[in-house]
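Structure file query.txt (compact mmCIF, C-alpha atoms and all ligand atoms) follows.
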# COMPACT_ATOMS: atom_id res chain seq x y z
CA MET A 13 -0.88 -38.89 0.88
CA ARG A 14 -0.38 -36.33 3.59
CA THR A 15 2.65 -34.10 3.74
CA ILE A 16 3.33 -31.24 6.09
CA CYS A 17 3.88 -28.04 4.23
CA LEU A 18 7.42 -26.92 3.79
CA ILE A 19 8.54 -23.80 5.60
CA ILE A 20 11.76 -22.24 4.46
CA PHE A 21 13.99 -20.23 6.76
CA PHE A 22 15.65 -17.31 5.15
CA VAL A 23 16.99 -13.84 5.69
CA LEU A 24 14.99 -11.08 4.08
CA GLY A 25 16.42 -7.97 2.54
CA SER A 26 14.76 -4.57 2.44
CA GLY A 27 10.99 -4.21 2.55
CA ALA A 28 10.46 -3.14 -1.01
CA VAL A 29 10.77 -5.26 -4.08
CA ARG A 30 10.77 -4.39 -7.74
CA SER A 31 9.70 -6.68 -10.53
CA GLU A 32 13.19 -6.88 -11.98
CA ASP A 33 14.53 -8.19 -8.63
CA LEU A 34 12.90 -11.42 -9.57
CA SER A 35 15.71 -12.49 -11.85
CA ALA A 36 13.49 -15.47 -11.84
CA LEU A 37 15.05 -18.85 -11.46
CA ALA A 38 11.73 -20.48 -12.15
CA ARG A 39 8.80 -19.69 -14.39
CA ILE A 40 5.20 -20.75 -14.10
CA LEU A 41 4.16 -23.22 -16.81
CA PRO A 42 0.88 -23.71 -18.60
CA GLY A 43 -0.99 -26.63 -17.11
CA SER A 44 -1.56 -25.03 -13.72
CA LEU A 45 -5.09 -25.76 -12.57
CA VAL A 46 -7.62 -25.54 -9.82
CA SER A 47 -10.60 -27.81 -9.41
CA ASP A 48 -13.31 -28.63 -6.90
CA VAL A 49 -13.48 -32.32 -6.15
CA GLY A 50 -16.48 -32.76 -3.90
CA ASP A 51 -15.73 -30.62 -0.85
CA THR A 52 -12.02 -30.46 -1.61
CA VAL A 53 -10.22 -27.80 -3.63
CA GLU A 54 -7.23 -29.14 -5.53
CA LEU A 55 -4.64 -26.69 -6.74
CA THR A 56 -1.70 -27.62 -8.96
CA LEU A 57 0.90 -25.08 -10.01
CA SER A 58 3.44 -26.20 -12.61
CA MET A 59 6.79 -24.46 -12.78
CA THR A 60 10.06 -24.95 -14.60
CA GLN A 61 11.77 -26.06 -11.38
CA GLY A 62 11.09 -26.39 -7.68
CA VAL A 63 11.62 -23.24 -5.60
CA PRO A 64 11.31 -22.49 -1.88
CA TYR A 65 7.73 -21.59 -1.03
CA ARG A 66 5.43 -21.10 1.88
CA VAL A 67 1.68 -21.17 2.18
CA PHE A 68 -0.58 -19.75 4.88
CA VAL A 69 -4.06 -18.33 5.43
CA LEU A 70 -5.17 -14.89 6.63
CA ASP A 71 -8.54 -13.74 7.90
CA SER A 72 -10.76 -10.67 7.27
CA PRO A 73 -11.14 -11.26 4.41
CA LYS A 74 -10.33 -14.97 4.17
CA ARG A 75 -7.30 -15.48 1.96
CA LEU A 76 -4.88 -18.20 0.98
CA VAL A 77 -1.40 -16.77 0.46
CA LEU A 78 1.34 -18.54 -1.47
CA ASP A 79 4.85 -17.10 -1.55
CA PHE A 80 7.54 -18.32 -3.90
CA ASN A 81 11.20 -17.51 -3.98
CA GLU A 82 12.22 -16.30 -7.43
CA LEU A 83 9.17 -17.28 -9.43
CA ASP A 84 8.01 -15.46 -12.55
CA TRP A 85 4.21 -15.57 -12.90
CA THR A 86 4.13 -14.44 -16.53
CA GLY A 87 1.90 -16.79 -18.45
CA LEU A 88 -0.37 -17.73 -15.56
CA SER A 89 -3.96 -17.24 -16.58
CA ALA A 90 -6.28 -15.95 -13.85
CA GLU A 91 -9.13 -17.74 -15.62
CA VAL A 92 -7.74 -21.02 -14.33
CA PHE A 93 -9.12 -20.03 -10.95
CA ASP A 94 -12.66 -19.51 -12.24
CA LEU A 95 -12.95 -23.29 -12.20
CA SER A 96 -13.33 -23.34 -8.43
CA ASP A 97 -16.45 -22.03 -6.69
CA ASN A 98 -14.37 -21.62 -3.54
CA ILE A 99 -11.99 -19.00 -4.89
CA ALA A 100 -13.43 -15.53 -5.46
CA SER A 101 -10.43 -13.80 -6.99
CA VAL A 102 -6.69 -14.14 -7.46
CA ARG A 103 -3.81 -11.74 -7.80
CA THR A 104 -0.09 -12.21 -8.14
CA GLY A 105 2.97 -9.97 -7.99
CA PRO A 106 6.28 -9.24 -6.29
CA VAL A 107 5.98 -8.62 -2.57
CA GLN A 108 9.44 -8.65 -1.00
CA ALA A 109 12.97 -8.85 -2.32
CA GLY A 110 13.21 -12.16 -4.15
CA TRP A 111 9.70 -13.26 -3.20
CA SER A 112 6.57 -13.17 -5.25
CA ARG A 113 3.11 -13.76 -3.93
CA MET A 114 -0.20 -15.21 -5.01
CA VAL A 115 -3.25 -14.21 -2.98
CA MET A 116 -6.55 -16.03 -3.38
CA ASP A 117 -9.74 -14.69 -1.81
CA LEU A 118 -11.66 -17.63 -0.37
CA GLU A 119 -15.43 -17.89 -0.44
CA LYS A 120 -15.53 -19.88 2.80
CA PRO A 121 -13.21 -21.13 5.58
CA LEU A 122 -10.79 -23.71 4.17
CA LYS A 123 -7.77 -25.36 5.72
CA ILE A 124 -4.55 -26.44 4.07
CA GLU A 125 -4.81 -30.22 4.15
CA THR A 126 -1.69 -30.97 2.12
CA ALA A 127 0.99 -28.94 0.39
CA TRP A 128 3.53 -30.92 -1.52
CA LEU A 129 6.19 -30.01 -4.06
CA ASP A 130 6.50 -32.82 -6.58
CA THR A 131 9.90 -32.64 -8.29
CA ALA A 132 9.81 -36.06 -9.97
CA ASP A 133 9.75 -34.46 -13.42
CA PRO A 134 12.99 -32.43 -13.78
CA LEU A 135 11.40 -30.11 -16.37
CA ALA A 136 8.14 -29.43 -14.56
CA ALA A 137 7.96 -29.26 -10.77
CA LYS A 138 4.41 -29.34 -9.46
CA LEU A 139 3.17 -27.76 -6.28
CA ARG A 140 0.05 -29.61 -5.22
CA ILE A 141 -2.18 -28.16 -2.55
CA THR A 142 -5.44 -29.52 -1.25
CA LEU A 143 -7.85 -27.44 0.80
CA HIS A 144 -10.65 -28.86 2.92
CA PRO A 145 -13.64 -27.09 4.47
CA THR A 146 -13.10 -26.15 8.09
CA SER A 147 -15.00 -24.32 10.80
CA GLU A 148 -14.90 -20.56 11.17
CA ARG A 149 -13.22 -21.00 14.57
CA GLU A 150 -10.50 -23.31 13.32
CA PHE A 151 -9.83 -21.03 10.37
CA VAL A 152 -9.43 -17.95 12.56
CA ALA A 153 -7.14 -19.87 14.94
CA LYS A 154 -4.80 -20.80 12.08
CA ALA A 155 -4.90 -17.50 10.21
CA ARG A 156 -1.70 -15.58 10.71
CA MET A 157 1.29 -14.16 8.89
CA PRO A 158 4.58 -16.08 9.36
CA PRO A 159 6.56 -14.08 11.96
CA GLU A 160 9.62 -13.51 9.76
CA LEU A 161 7.38 -11.65 7.30
CA ARG A 162 5.92 -9.37 9.94
CA GLU A 163 9.39 -8.42 11.10
CA ASN A 164 10.53 -7.46 7.65
CA TRP A 165 8.30 -4.41 7.36
CA PRO A 166 9.42 -1.86 9.93
CA VAL A 167 6.81 -0.64 12.36
CA ALA A 168 6.48 2.93 13.57
CA ALA A 169 6.81 1.76 17.17
CA ASP A 170 10.57 1.36 16.54
CA LEU A 171 10.94 5.10 17.03
CA PRO A 172 9.73 6.23 20.43
CA ASN A 173 10.48 9.97 20.38
CA PRO A 174 8.40 12.54 18.56
CA LYS A 175 10.10 14.62 15.93
CA ARG A 176 11.22 18.14 16.83
CA ARG A 177 9.02 20.78 15.23
CA GLN A 178 10.31 22.61 12.14
CA THR A 179 11.46 26.22 12.57
CA GLY A 180 10.71 27.73 9.17
CA ASP A 181 14.43 28.13 8.39
CA GLY A 182 14.59 24.94 6.36
CA PRO A 183 15.51 22.52 5.16
CA LEU A 184 12.01 21.18 5.31
CA VAL A 185 12.03 17.39 5.05
CA VAL A 186 9.12 16.42 2.81
CA VAL A 187 8.19 12.78 2.36
CA LEU A 188 6.23 12.15 -0.82
CA ASP A 189 4.24 8.96 -0.88
CA PRO A 190 3.21 7.79 -4.35
CA GLY A 191 0.14 5.62 -3.65
CA HIS A 192 -0.04 1.90 -4.41
CA GLY A 193 2.61 -0.05 -6.41
CA GLY A 194 3.75 -3.59 -7.17
CA ILE A 195 0.99 -6.14 -6.57
CA ASP A 196 -1.40 -3.24 -5.85
CA PRO A 197 -1.70 -1.02 -8.97
CA GLY A 198 -4.49 1.19 -7.56
CA ALA A 199 -7.00 2.62 -10.03
CA GLU A 200 -6.66 1.66 -13.68
CA SER A 201 -8.55 3.45 -16.38
CA ASP A 202 -8.09 3.70 -20.14
CA GLY A 203 -4.42 2.73 -19.98
CA ALA A 204 -3.58 5.03 -17.06
CA VAL A 205 -2.47 3.28 -13.87
CA GLU A 206 -2.65 5.16 -10.56
CA ALA A 207 0.54 3.61 -9.14
CA GLU A 208 2.52 4.65 -12.25
CA MET A 209 1.02 8.12 -12.57
CA MET A 210 1.59 8.93 -8.90
CA LEU A 211 5.24 7.86 -9.13
CA ILE A 212 5.70 10.08 -12.17
CA PHE A 213 4.04 12.98 -10.37
CA ALA A 214 6.06 12.42 -7.18
CA ARG A 215 9.33 12.55 -9.16
CA GLU A 216 8.27 15.75 -10.94
CA LEU A 217 7.19 17.32 -7.67
CA GLU A 218 10.46 16.26 -6.05
CA GLU A 219 12.37 18.01 -8.84
CA ILE A 220 10.35 21.22 -8.42
CA LEU A 221 10.79 21.20 -4.63
CA LEU A 222 14.54 20.54 -4.83
CA ARG A 223 15.05 23.46 -7.21
CA THR A 224 14.05 25.88 -4.44
CA GLY A 225 16.98 24.77 -2.25
CA TYR A 226 14.59 24.86 0.70
CA PHE A 227 13.42 21.23 0.76
CA LYS A 228 14.83 17.80 1.38
CA VAL A 229 12.68 15.22 -0.35
CA VAL A 230 12.31 11.50 0.30
CA LEU A 231 10.00 9.21 -1.65
CA THR A 232 8.41 6.19 0.06
CA ARG A 233 8.96 4.28 -3.17
CA THR A 234 11.00 5.12 -6.25
CA GLU A 235 9.90 2.21 -8.40
CA ASP A 236 6.88 0.08 -9.10
CA VAL A 237 7.07 -1.76 -5.78
CA PHE A 238 4.59 -2.82 -3.15
CA VAL A 239 5.00 -0.94 0.14
CA PRO A 240 2.53 -1.61 3.00
CA LEU A 241 0.75 1.46 4.39
CA GLU A 242 2.39 1.16 7.78
CA THR A 243 5.84 0.96 6.21
CA ARG A 244 5.18 4.22 4.38
CA VAL A 245 4.53 5.91 7.73
CA SER A 246 7.64 4.26 9.19
CA VAL A 247 9.77 5.54 6.34
CA ALA A 248 8.57 9.06 7.10
CA ARG A 249 9.40 8.73 10.79
CA LYS A 250 12.80 7.17 10.08
CA VAL A 251 13.92 10.07 7.89
CA GLY A 252 12.58 12.66 10.34
CA ALA A 253 9.92 14.01 8.00
CA ASP A 254 8.51 17.48 8.69
CA VAL A 255 5.64 16.81 6.31
CA PHE A 256 4.10 13.69 4.82
CA ILE A 257 2.14 13.91 1.57
CA SER A 258 0.43 10.86 0.12
CA LEU A 259 -0.40 11.15 -3.58
CA HIS A 260 -3.40 9.45 -5.16
CA ALA A 261 -5.75 9.53 -8.12
CA ASP A 262 -8.24 6.81 -7.32
CA ALA A 263 -11.23 5.63 -9.24
CA LEU A 264 -14.32 7.66 -8.57
CA VAL A 265 -16.53 6.23 -5.89
CA GLU A 266 -20.22 6.85 -6.08
CA GLY A 267 -21.30 10.21 -4.77
CA ARG A 268 -18.07 12.06 -5.58
CA ALA A 269 -17.57 14.70 -8.23
CA THR A 270 -14.30 15.34 -10.06
CA GLY A 271 -11.45 17.70 -9.16
CA ALA A 272 -8.65 17.68 -6.59
CA THR A 273 -9.29 17.02 -2.90
CA ILE A 274 -7.09 17.26 0.19
CA TYR A 275 -7.70 14.78 2.98
CA THR A 276 -6.65 14.84 6.60
CA LEU A 277 -7.10 12.13 9.19
CA ALA A 278 -10.30 11.79 11.18
CA GLU A 279 -11.97 8.86 12.88
CA GLU A 280 -15.28 9.92 11.38
CA ALA A 281 -15.18 10.27 7.61
CA SER A 282 -16.71 13.48 6.27
CA ASP A 283 -18.96 11.49 3.93
CA ALA A 284 -19.67 7.94 2.83
CA ALA A 285 -17.61 8.25 -0.36
CA SER A 286 -14.53 9.32 1.64
CA GLN A 287 -15.00 6.40 4.00
CA LYS A 288 -15.11 4.05 1.00
CA LEU A 289 -11.88 5.51 -0.38
CA ALA A 290 -10.06 4.95 2.91
CA GLU A 291 -11.36 1.39 3.10
CA ARG A 292 -10.24 0.78 -0.45
CA HIS A 293 -6.68 1.78 0.44
CA ASP A 294 -6.62 -0.63 3.37
CA ARG A 295 -8.03 -3.23 1.04
CA GLY A 296 -4.97 -2.79 -1.19
CA ASP A 297 -2.83 -3.98 1.71
CA LEU A 298 -5.22 -6.83 2.41
CA LEU A 299 -5.17 -7.99 -1.19
CA ALA A 300 -1.39 -7.97 -1.16
CA GLY A 301 -1.56 -10.24 1.88
CA VAL A 302 -0.58 -7.84 4.66
CA ASP A 303 -1.90 -9.00 8.02
CA LEU A 304 -3.48 -5.82 9.36
CA SER A 305 -4.46 -7.54 12.61
CA ALA A 306 -0.78 -7.69 13.58
CA GLN A 307 -0.33 -3.94 13.28
CA ASP A 308 -0.78 -1.25 15.84
CA ASP A 309 -2.60 1.80 14.58
CA VAL A 310 -1.29 3.96 17.30
CA VAL A 311 2.23 4.58 18.40
CA ALA A 312 1.79 4.18 22.12
CA GLY A 313 2.93 6.52 24.85
CA VAL A 314 2.12 9.81 26.49
CA LEU A 315 4.66 11.73 24.41
CA MET A 316 3.02 10.47 21.24
CA GLU A 317 -0.44 11.37 22.50
CA MET A 318 0.77 14.90 23.13
CA ALA A 319 2.43 15.00 19.75
CA ARG A 320 -0.83 14.00 18.10
CA ILE A 321 -2.72 16.80 19.83
CA GLU A 322 -0.17 19.27 18.50
CA THR A 323 0.03 17.69 15.05
CA THR A 324 -3.66 17.62 14.19
CA PRO A 325 -4.12 21.40 13.76
CA ARG A 326 -0.80 21.56 11.89
CA SER A 327 -2.09 18.95 9.40
CA GLU A 328 -5.33 20.90 9.03
CA MET A 329 -3.43 24.10 8.34
CA LEU A 330 -1.24 22.30 5.80
CA ALA A 331 -4.31 20.95 4.03
CA ASP A 332 -5.86 24.44 3.90
CA ALA A 333 -2.62 25.84 2.47
CA LEU A 334 -2.64 23.10 -0.19
CA VAL A 335 -6.18 24.00 -1.22
CA GLN A 336 -5.00 27.61 -1.61
CA GLY A 337 -1.87 26.63 -3.53
CA LEU A 338 -3.54 24.12 -5.82
CA SER A 339 -6.61 26.21 -6.59
CA LYS A 340 -4.41 28.95 -8.04
CA ASN A 341 -3.79 26.91 -11.17
CA THR A 342 -5.78 23.67 -11.01
CA ARG A 343 -9.41 22.76 -10.77
CA MET A 344 -10.55 21.75 -7.31
CA HIS A 345 -13.42 19.59 -6.22
CA LYS A 346 -16.43 21.65 -5.14
CA ARG A 347 -15.72 20.56 -1.57
CA PRO A 348 -11.91 20.32 -1.60
CA ARG A 349 -11.28 19.65 2.13
CA LEU A 350 -12.36 16.24 3.37
CA TRP A 351 -11.63 13.82 6.21
CA ALA A 352 -11.33 10.04 6.51
CA GLY A 353 -9.47 7.33 8.41
CA PHE A 354 -6.63 6.81 5.95
CA SER A 355 -4.08 4.50 7.63
CA VAL A 356 -1.23 6.23 5.87
CA LEU A 357 -1.97 9.51 7.71
CA LYS A 358 -1.52 8.06 11.20
CA ALA A 359 1.97 9.27 12.18
CA PRO A 360 1.24 11.07 15.46
CA ASP A 361 4.10 13.55 15.12
CA ILE A 362 4.19 14.41 11.41
CA PRO A 363 1.68 16.73 9.75
CA SER A 364 0.20 14.40 7.12
CA VAL A 365 -2.17 14.91 4.22
CA LEU A 366 -3.45 12.83 1.35
CA ILE A 367 -3.95 14.56 -1.99
CA GLU A 368 -6.39 13.10 -4.46
CA LEU A 369 -5.19 14.91 -7.55
CA GLY A 370 -8.37 13.84 -9.27
CA PHE A 371 -10.08 10.62 -10.26
CA LEU A 372 -8.50 8.47 -12.95
CA SER A 373 -11.93 7.09 -13.80
CA SER A 374 -13.15 10.56 -14.79
CA PRO A 375 -12.13 11.38 -18.39
CA ARG A 376 -11.65 15.05 -17.50
CA ASP A 377 -9.46 14.33 -14.49
CA ARG A 378 -7.56 11.64 -16.37
CA ALA A 379 -6.79 14.09 -19.18
CA ARG A 380 -5.36 16.52 -16.60
CA ILE A 381 -3.32 13.99 -14.67
CA THR A 382 -1.75 12.53 -17.80
CA ASP A 383 -0.86 16.04 -19.06
CA PRO A 384 2.72 17.08 -18.07
CA GLY A 385 1.72 20.77 -18.24
CA TRP A 386 -1.10 20.28 -15.78
CA ARG A 387 1.11 18.25 -13.47
CA LYS A 388 3.74 21.01 -13.49
CA SER A 389 1.13 23.60 -12.43
CA ALA A 390 -0.16 21.29 -9.72
CA ALA A 391 3.36 20.63 -8.44
CA GLU A 392 4.11 24.36 -8.34
CA GLY A 393 0.90 24.92 -6.40
CA ILE A 394 2.00 22.32 -3.84
CA ARG A 395 5.47 23.89 -3.61
CA ASP A 396 4.00 27.34 -2.89
CA ALA A 397 1.62 25.87 -0.34
CA LEU A 398 4.46 24.13 1.49
CA ILE A 399 6.51 27.31 1.70
CA ASP A 400 3.53 29.33 2.97
CA TRP A 401 2.63 26.65 5.47
CA ALA A 402 6.18 26.25 6.84
CA GLU A 403 6.35 29.97 7.57
CA ALA A 404 2.93 30.14 9.22
CA ASP A 405 3.60 26.92 11.15
CA ALA A 406 6.90 28.23 12.52
CA ALA A 407 5.25 31.51 13.52
CA ALA A 408 2.54 29.54 15.33
CA ALA A 409 5.24 27.56 17.20
CA ARG A 410 6.95 30.79 18.29
CA GLY A 411 3.57 32.05 19.51
CA LEU A 412 3.13 28.88 21.55
CA ARG A 413 6.49 29.29 23.24
CA LYS A 414 5.79 32.85 24.39
ZN ZN B 1 -5.13 5.51 -4.37
Mind turning the file's structure into structure tokens?
Amino acid sequence: MRTICLIIFFVLGSGAVRSEDLSALARILPGSLVSDVGDTVELTLSMTQGVPYRVFVLDSPKRLVLDFNELDWTGLSAEVFDLSDNIASVRTGPVQAGWSRMVMDLEKPLKIETAWLDTADPLAAKLRITLHPTSEREFVAKARMPPELRENWPVAADLPNPKRRQTGDGPLVVVLDPGHGGIDPGAESDGAVEAEMMLIFARELEEILLRTGYFKVVLTRTEDVFVPLETRVSVARKVGADVFISLHADALVEGRATGATIYTLAEEASDAASQKLAERHDRGDLLAGVDLSAQDDVVAGVLMEMARIETTPRSEMLADALVQGLSKNTRMHKRPRLWAGFSVLKAPDIPSVLIELGFLSSPRDRARITDPGWRKSAAEGIRDALIDWAEADAAAARGLRK
């Protein structure tokens, strides 16, 4: 039996989604399974009732993406997917308001042969999908994100004019970007989850900044939600950020020691470990099913090019100030200033830095990051650095105008 897959038309809400948005109409049931039958992969998902869904493939890496409206995954065992040699790994989680997503990494190019929602049993709807081998070329031709999904996440290109430079008189608009979230938890180590810890730290830092009366603070996420990297940049541009600070505490990659590090954007990474970190962040988007091929890295236009030329040294100066501020009361990495191609630092007109507060995989760093006293000192160091930077940056702008 051959059925064309069902595509649902709908209006999407805001880009972010929290787990509790999924006041789930349907739940996944035990009895979901995947099996290889000859060349074919057969996938059956049982749920308490039929819900709108869509299924598509994405390339680089090859993924099958399944979205469900209002489906609670609790109870789905990832081990089910070990039964197929064609599926490398699986993750599930909320991805947009009302929609939850399953992403399967494919070992080879496969095409969706059939996708069929069987609602004959009123207590257990079954989504049956069969995948057949296909050529690399055919796979690539079919691999793309449904257009309504692309539109939902705002792109930086919506905002053509560069932001006016801050004057040192305040208020300084600071966008704090707690890394990861939702379907992408980031590093996890000994019960500490990067996405959670960075949200906690961002809220504490927000509080400390607000108390000065000098800052306006906006967070790119305020809950455990998935936000694509490009959307984080767009949020910053939409609110007219003077400064963008991405907050992370990743797992240690080989060749890195512990301690805090400040990153700024560069095409060439300062070392292999930094390059790996930047790739890992992009990979978070990929695993969540974001189609990076549809995104423009660069906000086009001469004005933006000029803005970037002006912004780069301002970001560098901000990063240097942060090293000063943080090293007053926290332990820094032996080489605390590094560079890599982090996508989240690509706003051409906003000084942007990424702070690795430490590495969650290092017991020493983890002990610091999970200690409220340490976090308070770190936040105060960042506050002082921002005030120092804003003054020096405004003085530099006055010098330029003379
Ligand atoms: Zn991270």
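Around ligand ZN 1 (chain B), the neighbouring residues within 9 Å, taking only C-alpha atoms and all ligand atoms, come to Pro190, Gly191, His192, Pro197, Gly198, Ala199, Glu206, Ala207, Met210, Ser258, Leu259, His260, Ala261, Asp262, Ala263, Leu289, Ala290, Arg292, His293, Gly296 and Glu368 of chain A.
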Need the shell around range 346-358 of chain A: protein/DNA/RNA residues with any atom at most 7 Å away, counting only C-alpha atoms. Skip same-chain ones fewer than 5 positions apart. Format as a VMD selection string?
chain A and resid 241 to 242 244 to 245 272 to 282 286 to 287 290 335 364 to 365
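With all atoms listed in the file as the basis for measurement, A:Lys120 is the residue among A:Arg39, A:Arg103, A:Arg395, A:Lys120 that approaches Thr146 in chain A most closely.
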Nearest residue to Gly252 in chain A out of A:Val302, A:Asp297, A:Phe238, A:Ile362, using only C-alpha atoms?
A:Ile362
Counting all atoms listed in the file, what is within 8 Å of Gly105 in chain A, bar same-chain residues fewer than 2 positions away, as a short mmCIF file (atom, residue, chain, number, x, y, z; two decimals) with C-alpha atoms, in the frame of the given file?
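The result, written out as part_19.cif:
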data_model
loop_
_atom_site.label_atom_id
_atom_site.label_comp_id
_atom_site.auth_asym_id
_atom_site.auth_seq_id
_atom_site.Cartn_x
_atom_site.Cartn_y
_atom_site.Cartn_z
CA SER A 31 9.70 -6.68 -10.53
CA TRP A 85 4.21 -15.57 -12.90
CA ARG A 103 -3.81 -11.74 -7.80
CA VAL A 107 5.98 -8.62 -2.57
CA SER A 112 6.57 -13.17 -5.25
CA ARG A 113 3.11 -13.76 -3.93
CA MET A 114 -0.20 -15.21 -5.01
CA GLY A 194 3.75 -3.59 -7.17
CA ILE A 195 0.99 -6.14 -6.57
#
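For the residues A:Gly182, A:Gly110, A:Gly385, A:Pro363, ranking by smallest atom-to-atom distance to Phe213 in chain A using all atoms listed in the file places A:Gly385 first.
When the distance limit is 12 Å and only C-alpha atoms are what count, the residues near Leu135 in chain A, minus those fewer than 6 positions from it on the same chain, are Ala38, Arg39, Ile40, Leu41, Ser58, Met59, Thr60, Gln61 and Gly62 of chain A.
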Taking C-alpha atoms for each residue, export the selection above as a PDB file, keeping the file's coordinate frame.
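Output below, filename result-v6.pdb:
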ATOM      1  CA  ALA A  38      11.730 -20.480 -12.150  1.00  0.00           C
ATOM      2  CA  ARG A  39       8.800 -19.690 -14.390  1.00  0.00           C
ATOM      3  CA  ILE A  40       5.200 -20.750 -14.100  1.00  0.00           C
ATOM      4  CA  LEU A  41       4.160 -23.220 -16.810  1.00  0.00           C
ATOM      5  CA  SER A  58       3.440 -26.200 -12.610  1.00  0.00           C
ATOM      6  CA  MET A  59       6.790 -24.460 -12.780  1.00  0.00           C
ATOM      7  CA  THR A  60      10.060 -24.950 -14.600  1.00  0.00           C
ATOM      8  CA  GLN A  61      11.770 -26.060 -11.380  1.00  0.00           C
ATOM      9  CA  GLY A  62      11.090 -26.390  -7.680  1.00  0.00           C
TER      10      GLY A  62
END
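Between Leu70 in chain A and the candidates A:Ala109, A:Ala127, A:Met157, A:Val53, the tightest atom-to-atom separation, counting only C-alpha atoms, involves A:Met157.
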Using all atoms listed in the file, what residues lie at most 10 Å away from (-7.9, -16.7, 4.4) (file coordinates), given as number ranges by chain?
A: 68-77, 115-123, 151-152, 154-156, 301
Residues near range 184-186 of chain A, cut-off 7 Å, all atoms listed in the file, skip fewer than 2 positions along chain, as a PyMOL selection string
chain A and resi 182+188+226-230+253-256
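The shortest atom-to-atom distance to Glu208 in chain A, with all atoms listed in the file taken into account, belongs to A:Ile381 out of A:Asp130, A:Ala136, A:Asp361, A:Ile381.
Across the model, the gap from CA of Glu54 in chain A to CA of Asp97 in chain A is 11.7 Å.
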